[in-house]
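coords_25.txt, holding compact mmCIF, C-alpha atoms and all ligand atoms:
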# COMPACT_ATOMS: atom_id res chain seq x y z
CA MET A 1 -4.94 16.20 -14.42
CA ARG A 2 -3.09 14.12 -17.00
CA HIS A 3 -4.70 13.01 -20.22
CA SER A 4 -7.04 10.17 -19.27
CA ASP A 5 -5.60 7.58 -21.70
CA GLU A 6 -1.96 8.30 -20.92
CA ILE A 7 -2.27 7.12 -17.30
CA TYR A 8 -3.22 3.61 -18.55
CA GLU A 9 -0.11 3.24 -20.75
CA PRO A 10 2.06 0.38 -19.37
CA GLY A 11 5.18 2.61 -19.32
CA PHE A 12 3.39 5.30 -17.33
CA VAL A 13 2.02 2.79 -14.78
CA LYS A 14 5.44 1.16 -14.43
CA GLY A 15 6.99 4.57 -13.65
CA VAL A 16 4.43 5.28 -10.93
CA PHE A 17 5.05 1.94 -9.19
CA ASP A 18 8.84 1.98 -9.65
CA ARG A 19 8.92 5.33 -7.85
CA CYS A 20 6.48 4.19 -5.13
CA SER A 21 8.06 0.81 -4.46
CA ASP A 22 10.39 1.80 -1.61
CA ARG A 23 7.56 3.14 0.47
CA TYR A 24 4.64 1.14 -0.94
CA ILE A 25 4.26 -1.40 1.85
CA ALA A 26 4.31 1.10 4.73
CA PHE A 27 2.24 3.72 2.91
CA SER A 28 -0.45 1.31 1.76
CA TYR A 29 -0.78 -0.22 5.24
CA ALA A 30 -0.80 3.06 7.15
CA CYS A 31 -3.00 5.03 4.76
CA SER A 32 -5.61 2.32 4.44
CA LEU A 33 -5.60 1.92 8.25
CA GLY A 34 -4.76 -1.75 7.80
CA PHE A 35 -7.71 -2.42 5.49
CA THR A 36 -5.58 -3.48 2.50
CA GLU A 37 -4.12 -6.35 4.53
CA ARG A 38 -7.58 -7.43 5.68
CA TRP A 39 -8.92 -7.27 2.10
CA ARG A 40 -6.05 -9.44 0.82
CA ARG A 41 -7.00 -12.09 3.39
CA GLN A 42 -10.70 -11.76 2.51
CA CYS A 43 -9.86 -12.11 -1.19
CA VAL A 44 -8.11 -15.44 -0.54
CA GLU A 45 -11.01 -16.58 1.67
CA ALA A 46 -13.62 -15.65 -0.95
CA MET A 47 -11.82 -17.44 -3.78
CA PRO A 48 -13.30 -20.94 -4.29
CA VAL A 49 -11.05 -23.87 -3.32
CA PRO A 50 -8.57 -24.63 -6.15
CA PRO A 51 -8.71 -28.15 -7.60
CA GLY A 52 -6.13 -30.79 -6.65
CA ALA A 53 -3.88 -31.31 -3.64
CA ALA A 54 -0.90 -29.40 -5.07
CA PRO A 55 -2.35 -26.52 -7.10
CA ARG A 56 -0.28 -24.16 -9.29
CA GLY A 57 -1.31 -20.66 -10.20
CA TYR A 58 -0.63 -16.98 -10.80
CA ASP A 59 -0.55 -13.82 -8.75
CA LEU A 60 -1.18 -11.09 -11.34
CA MET A 61 0.03 -7.53 -10.61
CA ALA A 62 1.81 -9.18 -7.69
CA GLY A 63 3.66 -6.08 -6.50
CA THR A 64 5.56 -6.91 -3.35
CA GLY A 65 3.94 -10.32 -3.01
CA GLU A 66 1.72 -9.17 -0.16
CA VAL A 67 -0.92 -11.83 -0.80
CA TRP A 68 1.46 -14.83 -0.74
CA PRO A 69 1.45 -15.34 3.05
CA HIS A 70 -2.39 -15.41 3.03
CA LEU A 71 -2.47 -17.78 0.07
CA LEU A 72 0.11 -20.18 1.45
CA ARG A 73 -1.41 -20.14 4.93
CA ARG A 74 -4.82 -21.10 3.58
CA TYR A 75 -3.49 -23.57 0.99
CA PRO A 76 -0.22 -25.01 2.34
CA GLY A 77 -0.24 -27.59 -0.47
CA ILE A 78 0.30 -24.95 -3.18
CA GLN A 79 3.08 -26.20 -5.41
CA ALA A 80 3.92 -23.02 -7.32
CA ILE A 81 2.92 -19.37 -7.63
CA THR A 82 4.02 -17.47 -10.72
CA ALA A 83 3.99 -13.77 -9.87
CA VAL A 84 3.65 -11.31 -12.74
CA ASP A 85 4.41 -7.59 -12.37
CA ILE A 86 5.55 -4.83 -14.71
CA SER A 87 7.52 -2.87 -12.13
CA SER A 88 11.15 -3.78 -11.52
CA GLY A 89 11.06 -1.74 -8.31
CA MET A 90 8.16 -3.76 -6.94
CA HIS A 91 9.87 -6.90 -8.26
CA ARG A 92 13.06 -6.13 -6.29
CA ARG A 93 11.05 -5.55 -3.11
CA ALA A 94 9.22 -8.82 -3.66
CA LEU A 95 12.47 -10.74 -3.94
CA GLU A 96 13.82 -9.13 -0.79
CA ARG A 97 10.67 -10.19 1.01
CA LEU A 98 10.88 -13.80 -0.11
CA HIS A 99 11.48 -16.04 2.84
CA ALA A 100 13.75 -18.99 2.25
CA HIS A 101 10.96 -21.45 3.04
CA ARG A 102 8.71 -20.13 0.25
CA ALA A 103 11.24 -18.95 -2.35
CA HIS A 104 11.37 -22.32 -4.11
CA ARG A 105 7.60 -22.15 -4.72
CA ILE A 106 7.59 -18.67 -6.30
CA GLU A 107 8.65 -17.68 -9.78
CA PHE A 108 8.72 -14.01 -10.81
CA VAL A 109 7.94 -12.79 -14.32
CA GLU A 110 8.57 -9.10 -14.97
CA ARG A 111 6.38 -7.86 -17.81
CA ASP A 112 3.19 -6.13 -18.82
CA VAL A 113 0.64 -8.83 -18.08
CA LEU A 114 -1.44 -7.83 -21.12
CA SER A 115 1.49 -8.03 -23.55
CA GLU A 116 1.06 -11.75 -24.22
CA ASP A 117 -1.18 -14.64 -23.20
CA LEU A 118 -0.30 -16.90 -20.29
CA PRO A 119 0.22 -20.58 -21.20
CA PRO A 120 -3.23 -22.05 -21.97
CA GLU A 121 -4.96 -24.01 -19.18
CA SER A 122 -1.87 -23.74 -16.98
CA ALA A 123 -3.49 -22.49 -13.76
CA ASP A 124 -5.51 -24.06 -10.94
CA PHE A 125 -5.92 -20.59 -9.45
CA ILE A 126 -5.39 -16.92 -10.38
CA VAL A 127 -5.31 -14.28 -7.68
CA SER A 128 -4.91 -10.52 -7.96
CA THR A 129 -5.03 -7.95 -5.15
CA PHE A 130 -5.27 -4.24 -5.98
CA GLY A 131 -4.10 -4.80 -9.55
CA LEU A 132 -7.29 -3.88 -11.47
CA LYS A 133 -7.48 -0.12 -11.05
CA THR A 134 -4.59 0.79 -13.35
CA PHE A 135 -6.47 -0.75 -16.30
CA ASN A 136 -9.22 0.92 -18.32
CA PRO A 137 -12.39 -0.99 -19.39
CA ALA A 138 -10.87 -2.22 -22.68
CA GLN A 139 -7.87 -3.56 -20.74
CA HIS A 140 -10.24 -5.31 -18.30
CA VAL A 141 -11.78 -7.14 -21.27
CA ARG A 142 -8.28 -8.20 -22.40
CA LEU A 143 -7.39 -9.29 -18.85
CA ALA A 144 -10.61 -11.34 -18.56
CA ARG A 145 -9.78 -13.17 -21.81
CA LEU A 146 -6.27 -13.86 -20.57
CA VAL A 147 -7.57 -15.22 -17.22
CA ALA A 148 -10.16 -17.44 -18.93
CA GLY A 149 -7.50 -18.83 -21.29
CA ALA A 150 -4.97 -19.54 -18.53
CA LEU A 151 -7.36 -21.34 -16.13
CA ARG A 152 -7.76 -25.09 -16.39
CA PRO A 153 -11.39 -26.31 -16.42
CA GLY A 154 -12.37 -26.26 -12.73
CA GLY A 155 -9.68 -23.64 -11.99
CA VAL A 156 -10.63 -20.73 -9.72
CA PHE A 157 -9.94 -17.01 -9.43
CA GLY A 158 -10.19 -14.22 -6.87
CA MET A 159 -9.50 -10.54 -7.53
CA ILE A 160 -10.08 -7.57 -5.24
CA GLU A 161 -9.65 -3.83 -5.71
CA ALA A 162 -10.19 -0.62 -3.74
CA SER A 163 -13.39 0.95 -5.04
CA ASP A 164 -15.61 3.97 -4.93
CA PRO A 165 -18.26 3.27 -2.23
CA LYS A 166 -21.16 4.93 -4.08
CA GLY A 167 -24.23 5.44 -1.93
CA TRP A 168 -22.36 5.05 1.37
CA LEU A 169 -23.14 7.79 3.90
CA LEU A 170 -19.47 8.36 4.68
CA ARG A 171 -18.37 8.40 1.01
CA PRO A 172 -17.52 12.14 1.07
CA LEU A 173 -15.15 11.53 4.01
CA TYR A 174 -13.58 8.55 2.25
CA LEU A 175 -13.05 10.54 -0.95
CA MET A 176 -11.58 13.41 1.03
CA HIS A 177 -9.12 10.95 2.60
CA LEU A 178 -8.21 9.50 -0.80
CA LYS A 179 -8.04 12.64 -2.89
CA GLY A 180 -7.18 15.28 -0.29
CA VAL A 181 -5.44 13.87 2.77
CA LEU A 182 -3.23 11.24 1.07
CA PRO A 183 -1.84 13.60 -1.57
CA LEU A 184 -1.18 16.17 1.16
CA ILE A 185 0.70 13.63 3.31
CA GLU A 186 2.70 12.66 0.25
CA ARG A 187 3.59 16.25 -0.63
CA LEU A 188 4.60 17.04 2.94
CA PHE A 189 6.46 13.87 3.89
CA LEU A 190 7.59 12.26 0.65
CA ARG A 191 9.54 15.10 -0.88
CA GLY A 192 6.69 16.52 -2.91
CA ALA A 193 6.09 13.33 -4.90
CA GLN A 194 2.69 12.83 -6.53
CA ASP A 195 2.76 9.10 -7.19
CA PHE A 196 0.50 7.89 -4.41
CA ALA A 197 -1.89 10.68 -5.38
CA MET A 198 -2.12 8.92 -8.76
CA ILE A 199 -3.32 5.81 -6.96
CA GLY A 200 -6.28 7.90 -5.67
CA THR A 201 -7.05 8.98 -9.25
CA TYR A 202 -6.90 5.38 -10.50
CA SER A 203 -9.20 4.19 -7.70
CA THR A 204 -11.93 6.76 -8.31
CA ASN A 205 -11.76 6.29 -12.11
CA PHE A 206 -12.07 2.53 -11.55
CA GLY A 207 -15.46 2.71 -9.80
CA ASP A 208 -15.85 -0.94 -8.80
CA ALA A 209 -15.18 -4.47 -10.03
CA SER A 210 -18.61 -4.91 -11.67
CA GLY A 211 -17.15 -4.19 -15.13
CA MET A 212 -14.53 -6.88 -14.55
CA ALA A 213 -17.31 -9.26 -13.44
CA GLU A 214 -19.14 -8.68 -16.75
CA ALA A 215 -15.95 -9.17 -18.77
CA LEU A 216 -15.21 -12.48 -17.00
CA ARG A 217 -18.81 -13.69 -17.50
CA ALA A 218 -18.54 -12.86 -21.18
CA GLU A 219 -15.59 -15.30 -21.29
CA GLY A 220 -17.82 -18.09 -19.95
CA LEU A 221 -16.57 -18.05 -16.35
CA GLU A 222 -18.84 -18.43 -13.30
CA VAL A 223 -18.53 -15.14 -11.44
CA GLU A 224 -19.65 -13.77 -8.08
CA PHE A 225 -19.30 -10.00 -7.48
CA ARG A 226 -18.79 -9.02 -3.81
CA ARG A 227 -18.55 -5.79 -1.86
CA PHE A 228 -16.35 -5.36 1.22
CA PHE A 229 -16.76 -2.71 3.92
CA PHE A 230 -19.61 -0.67 2.37
CA GLY A 231 -18.09 -1.05 -1.11
CA CYS A 232 -14.71 0.51 -0.26
CA ALA A 233 -13.35 -2.61 -1.91
CA THR A 234 -15.06 -4.90 -4.41
CA GLY A 235 -14.03 -8.22 -5.85
CA VAL A 236 -14.79 -10.97 -8.34
CA PHE A 237 -14.59 -14.64 -7.44
CA GLY A 238 -15.41 -17.80 -9.31
CA ARG A 239 -14.29 -20.64 -11.51
CA LYS A 240 -13.97 -21.89 -15.04
CA PRO A 241 -16.69 -24.51 -15.46
CA ALA A 242 -15.46 -28.05 -15.90
CA PRO A 243 -16.89 -29.65 -19.11
C1 LIG B 301 -1.34 -1.41 -6.12
S1 LIG B 301 -0.10 -2.55 -6.59
C2 LIG B 301 -0.69 -4.04 -5.89
C3 LIG B 301 0.40 -4.95 -5.47
C4 LIG B 301 0.02 -6.18 -4.65
N1 LIG B 301 -0.71 -7.14 -5.44
C5 LIG B 301 -0.70 -5.84 -3.37
O1 LIG B 301 -1.57 -6.62 -2.95
O2 LIG B 301 -0.35 -4.84 -2.74
C6 LIG B 301 -0.44 -2.76 -8.31
C7 LIG B 301 0.68 -3.52 -9.01
O3 LIG B 301 0.25 -3.76 -10.36
C8 LIG B 301 1.39 -3.70 -11.18
N2 LIG B 301 0.94 -3.48 -12.57
C9 LIG B 301 0.24 -2.44 -13.05
N3 LIG B 301 0.01 -2.58 -14.37
C10 LIG B 301 0.57 -3.77 -14.72
C11 LIG B 301 0.67 -4.48 -15.95
N4 LIG B 301 0.15 -3.99 -17.08
N5 LIG B 301 1.31 -5.68 -15.95
C12 LIG B 301 1.85 -6.19 -14.81
N6 LIG B 301 1.79 -5.55 -13.61
C13 LIG B 301 1.17 -4.35 -13.56
C14 LIG B 301 2.19 -2.53 -10.59
O4 LIG B 301 3.55 -2.54 -10.96
C15 LIG B 301 1.98 -2.76 -9.10
O5 LIG B 301 3.02 -3.53 -8.55
Could you show the structure in this file as structure tokens?
Amino acid sequence: MRHSDEIYEPGFVKGVFDRCSDRYIAFSYACSLGFTERWRRQCVEAMPVPPGAAPRGYDLMAGTGEVWPHLLRRYPGIQAITAVDISSGMHRRALERLHAHRAHRIEFVERDVLSEDLPPESADFIVSTFGLKTFNPAQHVRLARLVAGALRPGGVFGMIEASDPKGWLLRPLYLMHLKGVLPLIERLFLRGAQDFAMIGTYSTNFGDASGMAEALRAEGLEVEFRRFFFGCATGVFGRKPAP
């Protein structure tokens, strides 16, 4: 096990995702039995309706842009999505996946999201799918401040993350899948790599999104905490109150 703080260093996280990026889409779909795709859709559905007919917003820790089809299907009027991700590998995949009809609405920023603030009150919505677990609690507080600063009054947010389903009868099986079966598949079929195994470590360290909910509330946002499929994913949804 690596030193607990080191795995939350931006350079370390970037390395993990750069190495995973080629196989991320297939691995995440297959190993979650399709649940990640369902949770992305549910995240967009649970997010309150953004203000205005042509909203602009951010996809933080955007990865391969997996949430964009859900977002644009539900809100066809979206004018622009600014995707932020630290990993150039994931960034490249995202660009390859851009379809001509949506490319003009998506801008990609490659950087550590916590390295600087987003432009103040620039967003009608902020979405993030599976981007919370690689942050520790202090980084969640920083992220919450950044989200609160970037949302316009009335702006909305939705964030979802794979979580530890504490109290669920089948939790031992789930943890065995995450910490035993997935690393084994990776070692056997992905040339001995241990990067997806790290994702299991991040998920169990993360617990659930309740800490993020508290951090967002502390920034004055209205927040609802929700559990999905017995707590195997949890999310935070809400808005910045209009004055
Ligand atoms: C598990 S992937 C999720 C990708 C995508 N949102 C999805 O739904 O599949 C997490 C992403 O967060 C990005 N990430 C992690 N730490 C980051 C940071 N500090 N700043 C920006 N992106 C970060 C990683 O590069 C990776 O692409």
Quiz prompt | Residue among A:Ala162, A:Glu222, A:Met198, A:Arg227 lying closest to Ser32 (chain A), counting all atoms listed in the file | solution = A:Ala162
Quiz item: Residues at most 7 Å from region 230-232 of chain A, counting all atoms listed in the file, excluding those fewer than 4 positions away in the same chain, as a list in words?
Solution: Ala162, Ser163, Asp164, Pro165 and Trp168 of chain A
Quick one: which chain A residues come within 6 Å of ligand LIG 301 (chain B), and what is the nearest atom pair for each with the distance in Å to one decimal, counting all atoms listed in the file, rows ordered by chain and ascending number, as a tab-separated table?
residue	atom	partner	partner_atom	distance
A:Pro10	CA	B:LIG301	N4	5.3
A:Val13	CA	B:LIG301	N3	5.7
A:Lys14	CA	B:LIG301	O4	5.4
A:Phe17	CA	B:LIG301	O4	5.0
A:Met61	CA	B:LIG301	O3	3.8
A:Ala62	CA	B:LIG301	N1	3.9
A:Gly63	CA	B:LIG301	O5	3.3
A:Thr64	CA	B:LIG301	C4	5.7
A:Gly65	CA	B:LIG301	C4	5.9
A:Glu66	CA	B:LIG301	O1	5.0
A:Val67	CA	B:LIG301	O1	5.7
A:Val84	CA	B:LIG301	C12	5.8
A:Asp85	CA	B:LIG301	N6	3.5
A:Ile86	CA	B:LIG301	C12	3.9
A:Ser87	CA	B:LIG301	O4	4.2
A:Met90	CA	B:LIG301	O5	5.4
A:Arg111	CA	B:LIG301	C12	5.7
A:Asp112	CA	B:LIG301	N5	3.5
A:Val113	CA	B:LIG301	N5	3.9
A:Leu114	CA	B:LIG301	N4	5.8
A:Ser128	CA	B:LIG301	N1	6.0
A:Thr129	CA	B:LIG301	O1	4.3
A:Phe130	CA	B:LIG301	C2	4.6
A:Gly131	CA	B:LIG301	C6	4.4
A:Thr134	CA	B:LIG301	N3	5.8
Could you write out that same residue set with C-alpha atoms as a PDB file, keeping the file's coordinate frame?
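Done, and the output landed in out-v3.pdb:
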ATOM      1  CA  PRO A  10       2.060   0.380 -19.370  1.00  0.00           C
ATOM      2  CA  VAL A  13       2.020   2.790 -14.780  1.00  0.00           C
ATOM      3  CA  LYS A  14       5.440   1.160 -14.430  1.00  0.00           C
ATOM      4  CA  PHE A  17       5.050   1.940  -9.190  1.00  0.00           C
ATOM      5  CA  MET A  61       0.030  -7.530 -10.610  1.00  0.00           C
ATOM      6  CA  ALA A  62       1.810  -9.180  -7.690  1.00  0.00           C
ATOM      7  CA  GLY A  63       3.660  -6.080  -6.500  1.00  0.00           C
ATOM      8  CA  THR A  64       5.560  -6.910  -3.350  1.00  0.00           C
ATOM      9  CA  GLY A  65       3.940 -10.320  -3.010  1.00  0.00           C
ATOM     10  CA  GLU A  66       1.720  -9.170  -0.160  1.00  0.00           C
ATOM     11  CA  VAL A  67      -0.920 -11.830  -0.800  1.00  0.00           C
ATOM     12  CA  VAL A  84       3.650 -11.310 -12.740  1.00  0.00           C
ATOM     13  CA  ASP A  85       4.410  -7.590 -12.370  1.00  0.00           C
ATOM     14  CA  ILE A  86       5.550  -4.830 -14.710  1.00  0.00           C
ATOM     15  CA  SER A  87       7.520  -2.870 -12.130  1.00  0.00           C
ATOM     16  CA  MET A  90       8.160  -3.760  -6.940  1.00  0.00           C
ATOM     17  CA  ARG A 111       6.380  -7.860 -17.810  1.00  0.00           C
ATOM     18  CA  ASP A 112       3.190  -6.130 -18.820  1.00  0.00           C
ATOM     19  CA  VAL A 113       0.640  -8.830 -18.080  1.00  0.00           C
ATOM     20  CA  LEU A 114      -1.440  -7.830 -21.120  1.00  0.00           C
ATOM     21  CA  SER A 128      -4.910 -10.520  -7.960  1.00  0.00           C
ATOM     22  CA  THR A 129      -5.030  -7.950  -5.150  1.00  0.00           C
ATOM     23  CA  PHE A 130      -5.270  -4.240  -5.980  1.00  0.00           C
ATOM     24  CA  GLY A 131      -4.100  -4.800  -9.550  1.00  0.00           C
ATOM     25  CA  THR A 134      -4.590   0.790 -13.350  1.00  0.00           C
TER      26      THR A 134
END
Quiz item: Can you tell me, as a PyMOL selection string, what residues are no more than 9 Å from Ala218 (chain A) when counting only C-alpha atoms, ignoring any on the same chain fewer than 4 positions away?
Solution: chain A and resi 141+144-145+213-214
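Among the candidates A:Gly211, A:Gly34, A:Gly11, A:Pro69, the one nearest to His101 (chain A) when counting only C-alpha atoms is A:Pro69.
Atom pair CA of Phe229 (chain A) / CA of His177 (chain A): separated by 15.7 Å.
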Practice problem: Would you list the contacts of Gly77 (chain A) as JSON, numbers by chain, taking every protein, DNA or RNA residue within 8 Å and counting all atoms listed in the file, but skipping same-chain residues closer than 3 positions in sequence? | Solution: {"A": [53, 54, 55, 72]}
